[in-house]
Amino acid sequence: MCKGLSAIQSSCLEKAKGMKVKLTHLAEKQEWVHKHRTEEKPPHDLETLLNSKMGIQAFRWFLCSEFSEENLEFWLACEDYKNSSGSKLASKAQNIYNRFINPDAPREVNLDSETREMLTDLMETPTAETFDEAQHRIFTLMAKDSFPRFLRSTYTH
């Protein structure tokens, strides 16, 4: 490390790195929005948006700007999980639980305690339907909360 940087507190360096990531994200988002703005009209409902690769990407950019992309990541992980072979269900279920459901999860989604407890019980013998209820709750949350803000944002205009 060069002498000049060693004098700067590590927290300042971390903040600078974070700002660089945010600025890069913003530049990429602006480029993406400009490129795709006229190609596709904004969807009128979340289900339509989630059936479009460009819609998912725009919604992802928006959620990243609000620091709430874990909801979309969880929903997409559940879709992937439902389409997985039986031999992979247990490991994928554990991965989803550890990433999104566990109270110490790095990308914890906002689920009520009843749904969370139900999922904990289902983890012993996961099936293709294990996350259906939780996925539905997160979909409803996005549809009522994030999606209307997305429609009013610059990501769709």
# chains A, B, ... in the order shown; residues from 1 in each chain; ligands from 1
call {"tool": "residues_around", "arguments": {"residues": "A:Leu122", "least_positions_apart": "2", "cutoff": "12 Å", "atoms": "only C-alpha atoms", "output": "PyMOL selection string"}}
result
chain A and resi 90+93-94+97+115-120+124-134
call {"tool": "residues_around", "arguments": {"residues": "A:Asp145", "least_positions_apart": "6", "cutoff": "12 Å", "atoms": "only C-alpha atoms", "output": "JSON, numbers by chain"}}
result
{"A": [46, 63, 66, 68, 71, 137, 138, 139, 151, 152]}
call {"tool": "atom_distance", "arguments": {"atom1": "atom CA of A:Thr156", "atom2": "atom CA of A:Asp45"}}
result
12.9 Å
call {"tool": "closest_residue", "arguments": {"among": "A:Leu111, A:Met54, A:Ile101, A:Leu72", "to": "A:Phe147", "atoms": "only C-alpha atoms"}}
result
A:Leu72
call {"tool": "residues_around", "arguments": {"residues": "A:Phe100", "least_positions_apart": "6", "cutoff": "8 Å", "atoms": "only C-alpha atoms", "output": "NGL selection string"}}
result
:A and (70 or 74 or 106-109)
call {"tool": "write_last_selection", "arguments": {"atoms": "N, CA and C atoms", "output": "short mmCIF file (atom, residue, chain, number, x, y, z; two decimals), in the first residue's frame"}}
result
data_model
loop_
_atom_site.label_atom_id
_atom_site.label_comp_id
_atom_site.auth_asym_id
_atom_site.auth_seq_id
_atom_site.Cartn_x
_atom_site.Cartn_y
_atom_site.Cartn_z
N GLU A 70 -33.13 -7.60 -2.09
CA GLU A 70 -33.24 -8.96 -1.55
C GLU A 70 -34.61 -9.57 -1.83
N PHE A 74 -34.86 -13.06 -3.66
CA PHE A 74 -35.55 -14.19 -3.03
C PHE A 74 -36.60 -14.76 -3.98
N PRO A 106 -27.73 -12.93 5.44
CA PRO A 106 -27.15 -11.69 4.90
C PRO A 106 -28.14 -10.89 4.04
N ARG A 107 -29.15 -11.55 3.47
CA ARG A 107 -30.13 -10.88 2.60
C ARG A 107 -31.54 -11.14 3.14
N GLU A 108 -31.71 -11.07 4.45
CA GLU A 108 -32.97 -11.43 5.09
C GLU A 108 -34.15 -10.65 4.51
N VAL A 109 -35.21 -11.39 4.16
CA VAL A 109 -36.44 -10.78 3.67
C VAL A 109 -37.40 -10.60 4.83
#
call {"tool": "atom_distance", "arguments": {"atom1": "atom CA of A:Thr140", "atom2": "atom CA of A:Ser91"}}
result
26.3 Å
call {"tool": "select_by_dssp", "arguments": {"residues": "stretch 26-122 of chain A", "states": "helix (DSSP H, G or I)", "output": "MDAnalysis selection string"}}
result
chainID A and resid 26:36 46:50 53:65 70:82 86:101 113:122
call {"tool": "atom_distance", "arguments": {"atom1": "atom CA of A:Thr48", "atom2": "atom CA of A:Met142"}}
result
13.1 Å
